[in-house]
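What follows is the content of my_file.cif, which has mmCIF, C-alpha atoms and all ligand atoms:
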data_run
#
loop_
_atom_site.label_atom_id
_atom_site.label_comp_id
_atom_site.auth_asym_id
_atom_site.auth_seq_id
_atom_site.Cartn_x
_atom_site.Cartn_y
_atom_site.Cartn_z
CA MET A 1 -14.14 12.74 -3.62
CA ASN A 2 -12.29 10.15 -5.63
CA ASP A 3 -14.19 6.92 -4.97
CA ARG A 4 -11.93 3.99 -5.82
CA ARG A 5 -14.73 1.59 -4.99
CA LEU A 6 -16.18 2.39 -8.36
CA ASN A 7 -13.10 0.79 -9.92
CA THR A 8 -13.02 -2.20 -7.63
CA GLU A 9 -14.79 -5.36 -8.61
CA LEU A 10 -15.36 -7.63 -5.68
CA ARG A 11 -16.28 -11.23 -6.27
CA GLU A 12 -19.54 -12.14 -4.55
CA LEU A 13 -19.08 -15.32 -2.56
CA GLY A 14 -22.71 -16.08 -1.78
CA GLU A 15 -21.96 -15.85 1.95
CA GLN A 16 -24.00 -12.73 2.65
CA ARG A 17 -22.26 -11.95 5.95
CA PHE A 18 -18.90 -11.91 4.15
CA ASP A 19 -20.04 -10.15 0.99
CA THR A 20 -21.61 -7.26 2.89
CA CYS A 21 -18.50 -6.80 4.99
CA HIS A 22 -16.22 -6.91 1.96
CA GLU A 23 -18.13 -4.04 0.37
CA GLU A 24 -17.85 -1.98 3.53
CA LEU A 25 -14.14 -2.76 3.82
CA ALA A 26 -13.52 -1.77 0.20
CA GLN A 27 -15.31 1.51 0.81
CA MET A 28 -13.30 2.24 3.97
CA MET A 29 -10.01 1.42 2.22
CA ALA A 30 -10.95 3.74 -0.64
CA GLU A 31 -11.82 6.49 1.83
CA LEU A 32 -8.52 6.08 3.68
CA ALA A 33 -6.61 6.26 0.38
CA VAL A 34 -7.84 9.81 -0.22
CA ALA A 35 -8.47 11.01 3.34
CA PRO A 36 -7.20 14.49 4.25
CA ASP A 37 -4.75 14.56 7.17
CA HIS A 38 -7.41 15.53 9.72
CA ALA A 39 -9.57 12.51 8.76
CA VAL A 40 -6.87 9.84 8.57
CA GLN A 41 -6.92 8.77 12.21
CA LYS A 42 -10.69 8.33 12.31
CA SER A 43 -10.60 6.51 8.99
CA LEU A 44 -7.93 4.11 10.26
CA GLU A 45 -9.86 3.50 13.47
CA ARG A 46 -12.99 2.55 11.55
CA LEU A 47 -10.98 0.29 9.27
CA THR A 48 -9.32 -1.34 12.28
CA VAL A 49 -12.65 -2.08 13.96
CA LEU A 50 -14.30 -3.58 10.87
CA SER A 51 -11.21 -5.51 9.72
CA THR A 52 -10.73 -7.00 13.17
CA ALA A 53 -14.38 -8.06 13.41
CA HIS A 54 -14.50 -9.43 9.85
CA PHE A 55 -11.27 -11.38 10.12
CA ALA A 56 -12.30 -12.75 13.51
CA GLU A 57 -15.53 -14.05 11.99
CA GLU A 58 -13.67 -15.78 9.16
CA ASP A 59 -11.02 -17.04 11.58
CA VAL A 60 -13.59 -19.04 13.56
CA ASP A 61 -14.47 -21.01 10.44
CA LEU A 62 -10.85 -21.28 9.27
CA ARG A 63 -9.76 -22.78 12.60
CA ALA A 64 -12.71 -25.17 12.60
CA LEU A 65 -11.81 -26.35 9.08
CA GLY A 66 -8.10 -26.60 9.89
CA GLY A 67 -5.29 -27.52 7.49
CA PRO A 68 -2.29 -25.67 6.08
CA ALA A 69 -4.18 -23.68 3.43
CA ASN A 70 -6.52 -22.31 6.04
CA GLN A 71 -3.52 -21.49 8.24
CA CYS A 72 -2.12 -19.37 5.38
CA HIS A 73 -5.41 -17.50 5.28
CA LEU A 74 -5.27 -16.97 9.06
CA ASP A 75 -1.69 -15.72 8.75
CA GLU A 76 -2.66 -13.22 6.06
CA HIS A 77 -5.34 -11.74 8.32
CA VAL A 78 -2.77 -11.36 11.12
CA ALA A 79 -0.29 -9.66 8.76
CA VAL A 80 -2.87 -7.16 7.52
CA LEU A 81 -4.03 -6.27 11.02
CA GLY A 82 -0.38 -5.84 12.01
CA SER A 83 0.23 -3.43 9.14
CA ILE A 84 -2.84 -1.40 10.01
CA ALA A 85 -1.79 -1.27 13.68
CA GLU A 86 1.74 -0.11 12.79
CA VAL A 87 0.46 2.74 10.66
CA ALA A 88 -2.22 3.66 13.21
CA ALA A 89 0.52 4.00 15.85
CA LEU A 90 2.37 6.49 13.60
CA VAL A 91 -0.76 8.49 12.95
CA ARG A 92 -1.60 8.68 16.66
CA VAL A 93 1.63 10.57 17.27
CA GLY A 94 0.92 12.98 14.43
CA SER A 95 2.87 11.53 11.51
CA GLY A 96 2.49 8.93 8.81
CA PHE A 97 -0.47 10.48 6.99
CA ASP A 98 0.99 9.72 3.56
CA VAL A 99 1.92 6.22 4.73
CA ALA A 100 -1.67 5.73 5.85
CA ARG A 101 -3.06 6.84 2.50
CA ARG A 102 -0.61 4.51 0.77
CA LEU A 103 -1.83 1.71 3.05
CA GLY A 104 -5.39 2.49 1.99
CA ARG A 105 -4.43 2.18 -1.68
CA ASP A 106 -2.46 -1.01 -1.09
CA LEU A 107 -5.30 -2.59 0.87
CA ALA A 108 -7.83 -1.58 -1.77
CA ASP A 109 -5.69 -3.47 -4.30
CA TRP A 110 -5.14 -6.38 -1.93
CA LEU A 111 -8.76 -7.01 -0.93
CA PRO A 112 -10.12 -8.26 -4.30
CA ARG A 113 -7.16 -10.66 -4.64
CA HIS A 114 -7.64 -11.92 -1.10
CA ILE A 115 -11.31 -12.55 -1.80
CA ASP A 116 -10.52 -14.31 -5.09
CA GLU A 117 -7.74 -16.46 -3.72
CA LEU A 118 -8.62 -17.20 -0.10
CA ASP A 119 -12.10 -16.08 0.89
CA GLN A 120 -13.62 -17.86 -2.07
CA ARG A 121 -11.97 -21.09 -0.96
CA LEU A 122 -13.36 -20.58 2.54
CA ALA A 123 -16.85 -19.90 1.20
CA GLN A 124 -16.70 -23.06 -0.92
CA SER A 125 -15.61 -25.12 2.09
CA LEU A 126 -18.45 -23.73 4.18
CA PHE A 127 -20.96 -24.43 1.43
CA LEU A 128 -19.65 -27.98 1.04
CA ARG A 129 -19.84 -28.52 4.81
CA ARG A 130 -23.46 -27.29 4.87
CA THR A 131 -24.77 -29.06 1.80
CA GLY A 132 -22.33 -31.80 0.87
CA GLY A 133 -22.02 -30.36 -2.64
CA ALA A 134 -20.30 -27.58 -4.53
CA ARG A 135 -21.96 -24.25 -5.24
CA ILE A 136 -22.76 -23.62 -8.89
CA ALA A 137 -21.76 -20.07 -9.71
CA LEU A 138 -23.24 -18.35 -12.73
CA ALA A 139 -20.85 -15.88 -14.30
CA ARG A 140 -22.33 -12.42 -14.55
CA PRO A 141 -20.91 -10.13 -17.21
CA THR A 142 -19.76 -6.89 -15.69
CA LEU A 143 -19.36 -4.84 -18.82
CA VAL A 144 -20.82 -5.50 -22.22
CA THR A 145 -20.29 -3.18 -25.13
CA VAL A 146 -22.57 -3.66 -28.12
CA LYS A 147 -21.60 -1.94 -31.33
CA GLY A 148 -24.48 -1.21 -33.62
FE FE B 1 -12.99 -11.66 3.87
FE FE B 2 -10.12 -13.60 4.53
#
Full structure transcribed into structure tokens:
Amino acid sequence: MNDRRLNTELRELGEQRFDTCHEELAQMMAELAVAPDHAVQKSLERLTVLSTAHFAEEDVDLRALGGPANQCHLDEHVAVLGSIAEVAALVRVGSGFDVARRLGRDLADWLPRHIDELDQRLAQSLFLRRTGGARIALARPTLVTVKG
């Protein structure tokens, strides 16, 4: 099976509950992107359950923090769940398998950007609220090529 997760670099936020979920979501999105027709509905259902739970967990903190930037983040979660629900409705009546695989690819591309742009901001706000200071992140090289 083509595993797109291997090509997806997800930023670790240092919020273990989020980081673990992001990995699972990336895997499910990659699986949906290449799922055969008979597996698409199950794949979408699993993605729906985990996305809903993960977004709901972030949403609690986003609402508590408040503000327009956090509202944008909340809105993006709603939009993604809406897209998944629309495609799931098609698949339930026996069509939309290619649309579902396309959704999987699009979401697999979307997730790393969402983490970089919005989830990271949330994680920083939570860290600041807990500690009163900013997290110091050490950059970790992902690929180093040494020529001898
Ligand atoms: Fe997230
Ligand atoms: Fe998020």
Within-7 Å residues of ligand FE 2 (chain B), basis all atoms listed in the file, as a PyMOL selection string
chain A and resi 55+58+73+77+114-115+118-119
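Contacts with ligand FE 1 (chain B) are defined as any residue atom within 10 Å of a ligand atom, using all atoms listed in the file; the residues meeting this criterion are Leu13, Arg17, Phe18, Asp19, Thr20, Cys21, His22, Glu23, Leu25, Ser51, His54, Phe55, Ala56, Glu57, Glu58, Asp59, His73, His77, Leu111, Pro112, His114, Ile115, Asp116, Leu118, Asp119, Gln120, Leu122 and Ala123 of chain A.
Using only C-alpha atoms, the smallest distance between any of A:Ala85, A:Ala33, A:Ala64, A:Val40 and A:Arg101 comes from A:Ala33.
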Please identify all polymer residues within 8 Å of A:Thr48, counting all atoms listed in the file, omitting same-chain residues fewer than 2 positions from it, and present them as an NGL selection string.
:A and (44-46 or 50-52 or 81 or 84-85)
Can you spit out the residues from that selection as a PDB file, in the frame of the given file, using C-alpha atoms?
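Heads up, here's the output in part_22.pdb:
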ATOM      1  CA  LEU A  44      -7.930   4.110  10.260  1.00  0.00           C
ATOM      2  CA  GLU A  45      -9.860   3.500  13.470  1.00  0.00           C
ATOM      3  CA  ARG A  46     -12.990   2.550  11.550  1.00  0.00           C
ATOM      4  CA  LEU A  50     -14.300  -3.580  10.870  1.00  0.00           C
ATOM      5  CA  SER A  51     -11.210  -5.510   9.720  1.00  0.00           C
ATOM      6  CA  THR A  52     -10.730  -7.000  13.170  1.00  0.00           C
ATOM      7  CA  LEU A  81      -4.030  -6.270  11.020  1.00  0.00           C
ATOM      8  CA  ILE A  84      -2.840  -1.400  10.010  1.00  0.00           C
ATOM      9  CA  ALA A  85      -1.790  -1.270  13.680  1.00  0.00           C
TER      10      ALA A  85
END
Between A:Gln16, A:Val87, A:Ser125, A:Asp109, which has the minimum distance to A:Ser43 (counting all atoms listed in the file)?
A:Val87
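Compared by their closest atoms to A:Leu103, and using only C-alpha atoms, the residues A:Asp61, A:Glu15, A:Glu31, A:Asp75 rank with A:Glu31 nearest.
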Rounded to one decimal place, report the atom CA of A:Met28-atom CA of A:Leu47 distance in Å.
6.1 Å
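When atom CA of A:Leu126 is paired with atom CA of A:Leu65, their separation reads 8.7 Å.
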Quick one: distance from atom CA of A:Met29 to atom CA of A:Gly94 in Å, one decimal?
20.1 Å
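Distances to A:Ala69 were evaluated for A:Arg113, A:Arg121, A:Arg105, A:His38 using all atoms listed in the file, and the minimum falls at A:Arg121.
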Centre, edges in Å (one decimal): axis-aligned box, stretch 51-67 of chain A, 5 Å padding on all six sides, as AutoDock Vina command-line options:
--center_x -10.4 --center_y -16.5 --center_z 10.5 --size_x 20.2 --size_y 32.0 --size_z 16.1
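Using only C-alpha atoms, the smallest distance between any of A:Gln124, A:Arg11, A:Ser83, A:Val78 and A:Arg102 comes from A:Ser83.
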Would you list the contacts of A:Val91 as a PyMOL selection string, taking every protein, DNA or RNA residue within 10 Å and counting all atoms listed in the file, but skipping same-chain residues closer than 2 positions in sequence?
chain A and resi 37+40-42+44+85-89+93-100
